[in-house]
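S.K.: This is the structure I have questions about; it appears just below.
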Amino acid sequence: MKKLILFFISCLFFFSLAANTSTITLWHSYRGLEEAALQEIAENFNNSQTDYKVELLSVPYDAFANKLTSAIPRGNGPDMFIFAHERIGDWARSGIIDPLDPESVKLMKDRVVNTTLNAVQYKNKYWGFPLSFKSLVLFYRTDMLPSPPAMTKDLIVTAKRYTDKSRGRYGLAFQATDVYFSAPFLFGFKGGFCLNTPTANDTTPACIDNPGNIKAVQYISDLVNKYKIVPEEATSALVTQLFNEGKVPMVINGPWFMGEISKNVPYNIALLPTVSETGEVLKPFLTVESLIIANHEKTNIKGVKAFANYITDAQAGKIRALKGRQAVATKEVYKDEEVSADKFLNVFRQQAEISVPMSNLPGMRMVWEPMATAMRKVIRGADTSDHALSAAMNQYKIFSQTPPEGQDPLIYILIMIVAALAGIIYIVRQIRKYSVFKSMKTMPAPYLYVLPAMFAMILLVFIPFAVGTCVAFTAHRAGNYSFVGFSNFISILFAQDFPVTNPLSFYFTLAVTVLWTAVNVFLHVTIGLFFALLLREPWLKLKGIYRVLLIIPWAVPNYITALIWKGMFNRQFGAINGLLIWLGLEPVSWFSSFWTSFAANVTTNTWLGFPFMMITALGALQAIPRELEDAAAVDGANMFQRFWNITLPLLKPALLPAVILGSVWTFNMFNIIYLVSGGEPDGGTEILISEAYKWAFQRQERYGYAAAYATLIFIVLLVYSKTTEKLGKGK
Amino acid sequence: MRERTLSKSIFINLVLILASIAVMYPVLWVIKMALTPAQGFSLSANPIPDTISLSNFADIMTTKDANGGWLFGRQCLNSIVISAATTLLGITLATTAGYAFSRFTFPGKNIGMKMFLVSQMFPGVVMAIPLYILLDTLGLLNSMAGLVLVYSTTAIPFCVWMLKGYFDTIPKDLEEAALIDGASQWTIFIKVIMPLAKPAIVVTALFSFMTAWNEFILAATFLGDERAFTLPVVLQQYVGSYSTEWGHFAAGAILVSLPVMLLFFLLQKHLVGGLTAGGVKG
C-alpha cells in the first residue's frame with residue numbers, strides 16, 4: 001500500500017514539475033447537480049491556464065466543520081472551501097479563515113448581488129467570495145392550484161379547501177417547529193432576533209421575546225391547531241411525501257426541494273405571501289454559499305484568487321445556474337437569455353431581495369435551541385406564546401453567559417506538580433511492594449502478552465484523553481484557550497441559574513442517563529439471551545437464516561434505520577400509531593411527553609442493540625457443556641430452574657464483560673437520542689453526552705465547558721465500574 | 001430436553017419468525033427507498049416498493065475519480081483492507097492479552113484489566129482533536145495504518161475482556177496435560193487454547209470488523225483524498241446540509257451491510273464448536 005502511495009506521490013510530483021503547475025485544493029459538500037457543475041467549472045479552469053490546478057474534495061457535511069477546525073491549524077487544510085456564510089463569524093474569530101484583500105473586495109462589489117456581499121461581512125472585512133444563495137420560497141402544485149395566494153388571508157382560505165385531516169390532506173406544509181422554516185413569519189410580524197442591525201456586534205444580545213415574535217409564534221400555532229391547515233410534527237421527509245402524493249398543494253421550502261420532487265409532479269414556485277395583519281412580506285433567511293480562504297501558511301493565495309475570479313465570472317456563473325440549478329450571486333448571469341427565461345431562478349433571485357441575511361454573529365448560533373423549544377411547546381399546546389418565549393429568552397441568557405475569566409495557573413501548576421510527585425512515589429512504591437520488575441524478569445510471559453495491546457492503548461486512548469481533560473480547565477474564546485481552574489466544573493455542578501428539575505441541570509440529565517442505560521442494557525441482555533437460547537437448539541433447521549436475519553439491525557448503518565424509526569413514531573402517519581388504531585387503541589403523540597419520547601428512544605436503541613448481545617451470548621453459551629443441563633433435567637428441574645441455577649451462573653464470566661461494556665457504551669450513545677427524539681420534549685430526553693455536544697457545537701463554542709462535562713461523565717462511569725466490581729466480588 | 005418435540009419446534013419457529021418480521025419491518029423501508037429512483041424519504045405505511053429500479057445502485061457503484069479510475073471499487077477495497085487489518089491486529093493483540101489475564105497471576109494484572117475497561121469510558125467529544133494532532137505528529141494522518149491503529153484500540157478493550165471471560169471457562173486440566181506432555185507455553189496457547197476459544201474469537205472478530213466497517217467521522221476527518229475514503233464516508237457524503245439523497249443513501253446502506261451479513265454467515269458455523277465439539281470429550 002505504502003509503495004502505491006509513494007508511486008502516486010512521485011507521479012504527482014513529476015507532473016507538477018513538468019508543467020510547473022501548483023495544485024490548489026478545494027473542499028466542498030455539494031452533491032448531485034451542484035457537484036457536477038462545480039466539477040465542470042474546475043475542469044474548465046484547469047484547461048484554461050497552466051499555472052494552477054484545482055483539485056476538489058467532497059467532504060461529508062457532518063464531518064466538514066470538524067475537519068476544518070482540526071486540519072487548518074495544523075497546516076493540513078485545503079487552500080479554500082465552500083460553505084454557507086453563517087459560520088464566518090466563528091471562523092474569523094478563531095483565525096481559521098482569511099479575509100479578502102481590497103482588490104478582491106472591489107471585484108466582488110462589481111460582480112455580485114449586494115445582499116450576498118453584505119452577508120459575508122464581519123467586523124468591516126469580507127470573508128468570502130459569494131457564489132450562490134439559498135432561501136425559502138412557496139412551492140405549489142400546478143395541477144391542484146392554478147395560482148398561488150399573495151396574502152396570508154387568502155392562503156388560509158385556499159388551504160382550508162384542501163384540508164381533510166381524516167384523509168391526511170392539508171393545505172400547506174412546512175416544518176413549523178423548525179426555526180429556519182418559521183423565520184419568514186417572525187419577520188413578517190416585525191419580529192426577529194435584533195442581530196441584523198448595522199451596529200450589532202459580537203456582544204449584542206439577541207432578542208427573542210419581542211412582541212413580533214410572540215404574535216408570529218401564536219400565528220403559526222393557529223395555522224396548526226386552530227385552522228388545522230398545517231400538519232403537526234412535519235419533518236422534512238413528511239413535507240416531501242405529502243407534496244409528492246398530492247396531499248398538499250403548497251409547501252414552504254428551499255431550492256434543494258426541487259431535487260426531492262418526483263418527476264411526474266407538475267409544480268411552480270412563487271414569492272412568499274404578505275401577512276394580511278401587518279402588511280409585511282414574509283421574509284425568509286438568506287444563506288450565502290461562499291468560497292472561503294483557509295488561513296494557514298501553505299495556502300496559495302494567488303491560486304485561490306485566480307480560481308475565485310474564474311468561478312464568479314458570468315461564464316462559470318451560467319454553468320452553476322443552468323446545470324447546477326443554483327441561484328448564483330453573480331449579477332451578470334441574470335442578463336443571459338437562457339437564465340432570464342428560467343422562471344425558477346428568477347423567483348429565487350427576487351426572493352433574495354426580500355430576505356434577511358442570516359446573522360454570522362455569535363448571538364445567532366445560540367438562538368436556535370431556545371427558540372425551537374419554545375415553538376414546539378406552543379404548537380403542541382403546552383404553553384402560551386408569550387410565556388414560552390420569555391422562558392426561551394432566559395435560556396438564551398444562560399447559553400450566552402460570558403465564559404469565566406482567566407486565572408493565574410501558577411498555584412494549580414504547583415498543586416499539579418505535588419500531585420504528580422505523589423503519584424510517582426505511589427507507583428514506585430507499589431512497583432517495589434509487589435516487585436513488578438522482579439516478576440517481569442522471572443515471569444516475562446504475561447507481560448509480553450499484554451504489552452503490545454497496552455502500549456497501543458496508552459498511545460492512542462490515554463494520551464489524547466489526558467490532553468482533552470486539560471481543556472476542561474480552560475475557557476475557549478475566539479480560538480484562544482485561557483486557564484480557568486475549576487470554574488467549568490463548579491458552574492456545571494452548582495448551577496445557580498435553574499432548578500435541579502430543569503433539563504439543563506447536570507443532575508436531571510444524569511438521572512435520565514442512568515435510567516436510559518439501565519433500561520436499555522436490561523432489554524438488550526434479556527432479548528439477546530432469549531434469542532440466543534432459542535437459536536442453539538441443534539435440530540433447528542433454519543438456524544443459519546434466523547441468525548443472519550436477526551443481526552440485520554446491527555449490520556445496517558443506524559443513521560438511516562434510526563430515522564425510519566422516528567418516522568414510524570410520527571403522530572399521524574407513523575406505523576406504530578397505525579398499529580395502535582388497528583388494535584382499537586388511541587394514537588399516541590410520542591414526542592410530546594417525557595415517558596413516551598423516552599420509550600421511543602429505548603425501542604429504537606433496543607432494536608439496534610439486541611443483536612450484538614445475542615451474538616455475544618451465542619458465543620458465551622458454547623462454553624457451557626449441555627450435559628450439565630441434561631443432568632439437571634433428569635433430576636426434574638424445570639426449564640426456568642435450569643436456566644437460573646445452571647446456565648446463567650456458568651454464562652456469567654463470558655457475558656459479564658459484554659454487560660459492563662454495553663452499559664458504558666449505552667451511557668454515551670449519543671446519536672440515537674439526536675436522531676430519534678432530538679431531546680424532545682423540551683430537552684428532557686437528552687443524556688449527558690448529547691448535552692456535552694450541544695455545549696461544544698450548538699450553543700457557544702464552549703469547548704472547555706464541554707470537556708468538563710466529558711470529564712464528569714468519565715468520573716461517573718468510573719464510580720459505576722467500582723460498584724459493579726464490588727457486585728461481581730459479592731457473588 | 002434437547003430432544004425435539006413437535007410443539008416445541010412449532011413454538012420456537014413461530015417466535016423466531018415473528019421476531020424476524022419485527023426486525024425486518026423497518027429494514028423493508030431501506031430496501032424500498034433503495035429501489036425507488038426518487039431521493040425522498042419514504043414514510044408511507046406500506047413498505048413494499050411501487051417501482052423497482054436499480055438506478056440508485058448503479059449511480060453509487062459507477063463513480064469515477066479525477067483520472068477516470070473506478071472510485072467505488074477503490075473505496076470498497078479501502079474499507080475491506082482497513083476492516084480486515086483492524087480485525088487481525090485487534091484479535092492478535094487481544095487474544096494474547098486476554099490469555100495472560102486469564103491464566104497468569106502477576107503484579108499489575110488488576111490495574112491492567114481495569115485500564116482496558118476505563119478506556120471505554122472516555123467520551124469521544126474530548127478525544128477527536130488531540131487524536132488528530134497525535135496522528136499528524138506520528139505522520140499517520142491520511143493513511144490506512146493510522147485508521148487501523150485507532151480502530152484497533154477502540155475494539156481491543158471489549159475483545160480482551162470477552163476473551164478473558166471465555167478463557168476463564170476453559171478448564172485448566174487441558175493445559176496441564178499438555179504441559180506434562182512437554183508442550184511449550186506458546187504451543188499450548190496456539191494448539192490447545194485458540195481452537196477451544198473459537199466461538200469467542202468469532203464474536204470478537206465480528207465486533208472488531210464492525211468497529212472499523214461502519215465508522216465515518218474519524219475517517220472523514222483524518223483522510224484527505226477521495227481515493228482513500230472508506231465506504232461509510234462515501235455513504236455520508238449523500239447527507240447534505242439541507243437535504244439528503246435518500247435513494248442513494250439507502251442503496252449504499254444495503255451495499256455496506258451485505259458484506260457484514262455474508263461474513264457472519266460464513267463465520268457462524270464456528271460459533272458452535274468450542275467445548276462440546278472440541279477437545280474435552282475426546
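If you're wondering about the labels, chains in the C-alpha cells are A, B, ... by order shown, residues count from 1 in each chain, ligands from 1 in order shown.
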Please extract the residues of region 10-257 of chain B with a backbone DSSP assignment of helix (DSSP H, G or I) and present them as a PyMOL selection string.
M.R.: chain B and resi 10-35+55-61+71-103+109-119+124-126+128-137+144-169+173-180+185-196+198-213+217-222+226-228+231-236+246-257
S.K.: If DSSP is run on the backbone, what residues of region 82-133 of chain A are strand (DSSP E)? A reply as a PyMOL selection string would be ideal.
M.R.: chain A and resi 82-84+97-98+121-122+125-126+129-133
S.K.: Output N, CA and C atoms for every residue in the selection just made, as an mmCIF file, in the first residue's frame.
M.R.:
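Saved file part00.cif follows:
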```
data_model
loop_
_atom_site.group_PDB
_atom_site.id
_atom_site.type_symbol
_atom_site.label_atom_id
_atom_site.label_comp_id
_atom_site.auth_asym_id
_atom_site.auth_seq_id
_atom_site.Cartn_x
_atom_site.Cartn_y
_atom_site.Cartn_z
ATOM 1 N N ILE A 82 -15.894 25.683 0.287
ATOM 2 C CA ILE A 82 -17.203 26.301 0.051
ATOM 3 C C ILE A 82 -18.111 25.961 1.217
ATOM 4 N N PHE A 83 -18.688 26.993 1.835
ATOM 5 C CA PHE A 83 -19.587 26.760 2.956
ATOM 6 C C PHE A 83 -20.557 27.933 3.060
ATOM 7 N N ALA A 84 -21.673 27.682 3.762
ATOM 8 C CA ALA A 84 -22.636 28.756 3.984
ATOM 9 C C ALA A 84 -21.998 29.842 4.850
ATOM 10 N N ILE A 97 -9.902 31.335 8.972
ATOM 11 C CA ILE A 97 -10.074 31.814 7.601
ATOM 12 C C ILE A 97 -9.451 33.194 7.421
ATOM 13 N N ASP A 98 -9.193 33.541 6.178
ATOM 14 C CA ASP A 98 -8.577 34.816 5.815
ATOM 15 C C ASP A 98 -9.601 35.723 5.135
ATOM 16 N N GLN A 121 -19.879 39.858 5.345
ATOM 17 C CA GLN A 121 -19.143 40.889 6.057
ATOM 18 C C GLN A 121 -19.143 40.590 7.552
ATOM 19 N N TYR A 122 -17.985 40.766 8.158
ATOM 20 C CA TYR A 122 -17.881 40.598 9.612
ATOM 21 C C TYR A 122 -16.739 41.476 10.076
ATOM 22 N N LYS A 125 -14.765 43.521 7.480
ATOM 23 C CA LYS A 125 -13.986 42.840 6.460
ATOM 24 C C LYS A 125 -14.911 41.869 5.741
ATOM 25 N N TYR A 126 -14.487 41.447 4.551
ATOM 26 C CA TYR A 126 -15.282 40.475 3.799
ATOM 27 C C TYR A 126 -14.544 39.147 3.817
ATOM 28 N N PHE A 129 -15.928 34.815 -1.065
ATOM 29 C CA PHE A 129 -16.439 35.192 -2.381
ATOM 30 C C PHE A 129 -17.845 34.604 -2.511
ATOM 31 N N PRO A 130 -18.897 35.440 -2.546
ATOM 32 C CA PRO A 130 -20.257 34.887 -2.614
ATOM 33 C C PRO A 130 -20.465 34.131 -3.929
ATOM 34 N N LEU A 131 -20.912 32.885 -3.843
ATOM 35 C CA LEU A 131 -21.146 32.097 -5.047
ATOM 36 C C LEU A 131 -22.630 32.004 -5.368
ATOM 37 N N SER A 132 -23.423 31.579 -4.389
ATOM 38 C CA SER A 132 -24.847 31.422 -4.641
ATOM 39 C C SER A 132 -25.593 31.620 -3.338
ATOM 40 N N PHE A 133 -26.912 31.761 -3.440
ATOM 41 C CA PHE A 133 -27.671 31.967 -2.204
ATOM 42 C C PHE A 133 -28.870 31.039 -2.173
#
```
S.K.: Taking only C-alpha atoms into account, which of A:Leu580, A:Val484, A:Ala314, A:Leu563 comes nearest chain B?
M.R.: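 Ranking A:Leu580, A:Val484, A:Ala314, A:Leu563 by distance to chain B, first place goes to A:Leu563.
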S.K.: Which value, in Å to one decimal, gives the distance between CA of Leu459 (chain A) and CA of Thr69 (chain A)?
M.R.: 22.5 Å
S.K.: CA of Leu675 (chain A) and CA of Glu245 (chain B), how far apart in Å?
M.R.: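 Separation between CA of Glu245 (chain B) and CA of Leu675 (chain A): 16.9 Å.
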S.K.: Please provide the set of residues having any atom within 10 Å of Leu235 (chain B), restricted to only C-alpha atoms, with same-chain residues fewer than 6 positions apart removed, written as JSON, numbers by chain.
M.R.: {"A": [60, 557], "B": [60, 216, 245, 248, 249, 250, 251, 252, 253, 255, 256]}
S.K.: Might you pull out every residue within 6 Å of region 369-376 of chain A, with only C-alpha atoms counted and same-chain residues fewer than 5 positions away left off, and present them as an mmCIF file with N, CA and C atoms, in the first residue's frame?
M.R.:
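Final output, saved to part-v7.cif:
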```cif
data_model
loop_
_atom_site.group_PDB
_atom_site.id
_atom_site.type_symbol
_atom_site.label_atom_id
_atom_site.label_comp_id
_atom_site.auth_asym_id
_atom_site.auth_seq_id
_atom_site.Cartn_x
_atom_site.Cartn_y
_atom_site.Cartn_z
ATOM 1 N N THR A 177 -42.078 23.573 13.432
ATOM 2 C CA THR A 177 -41.331 23.691 14.689
ATOM 3 C C THR A 177 -39.857 23.995 14.456
ATOM 4 N N VAL A 179 -37.010 26.530 13.430
ATOM 5 C CA VAL A 179 -36.919 27.994 13.424
ATOM 6 C C VAL A 179 -36.599 28.521 12.022
ATOM 7 N N ALA A 388 -43.810 31.131 26.773
ATOM 8 C CA ALA A 388 -42.783 30.233 26.229
ATOM 9 C C ALA A 388 -41.590 31.026 25.714
ATOM 10 N N LEU A 389 -41.861 32.172 25.078
ATOM 11 C CA LEU A 389 -40.755 32.950 24.524
ATOM 12 C C LEU A 389 -39.952 33.647 25.615
ATOM 13 N N ALA A 392 -37.720 31.111 26.796
ATOM 14 C CA ALA A 392 -36.645 30.932 25.817
ATOM 15 C C ALA A 392 -35.577 32.004 25.992
ATOM 16 N N ASP A 682 -38.786 19.384 25.179
ATOM 17 C CA ASP A 682 -38.070 20.466 25.868
ATOM 18 C C ASP A 682 -36.703 20.061 26.394
#
```
S.K.: What's the 8 Å shell around region 15-27 of chain B, counting only C-alpha atoms, without same-chain residues fewer than 2 positions away, as a list in words?
M.R.: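 Residues near the query, excluding close chain neighbours: Phe531, Tyr546, Leu549, Leu550, Ile552, Pro553, Thr561, Ile564, Trp565 and Trp607 of chain A; Phe11, Ile12, Asn13, Trp29, Val30, Ile31 and Pro47 of chain B.
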S.K.: What is the distance, in Å and to one decimal place, between CA of Leu460 (chain A) and CA of Thr153 (chain B)?
M.R.: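 Between these atoms lies a distance of 7.0 Å.
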S.K.: Would you mind listing what lies within 10 Å of Leu131 (chain B) as a VMD selection string, with only C-alpha atoms counted and same-chain residues fewer than 2 positions away left out?
M.R.: (chain A and resid 70 459 to 461 463 to 465 467 to 468) or (chain B and resid 126 to 129 133 to 137 141 150 218 222)
S.K.: Write out as a PyMOL selection string each polymer residue whose atoms come within 12 Å of Ile490 (chain A), counting only C-alpha atoms; drop sequence neighbours fewer than 6 positions from it.
M.R.: chain A and resi 404+472-473+484+496+506+705+708-709+712
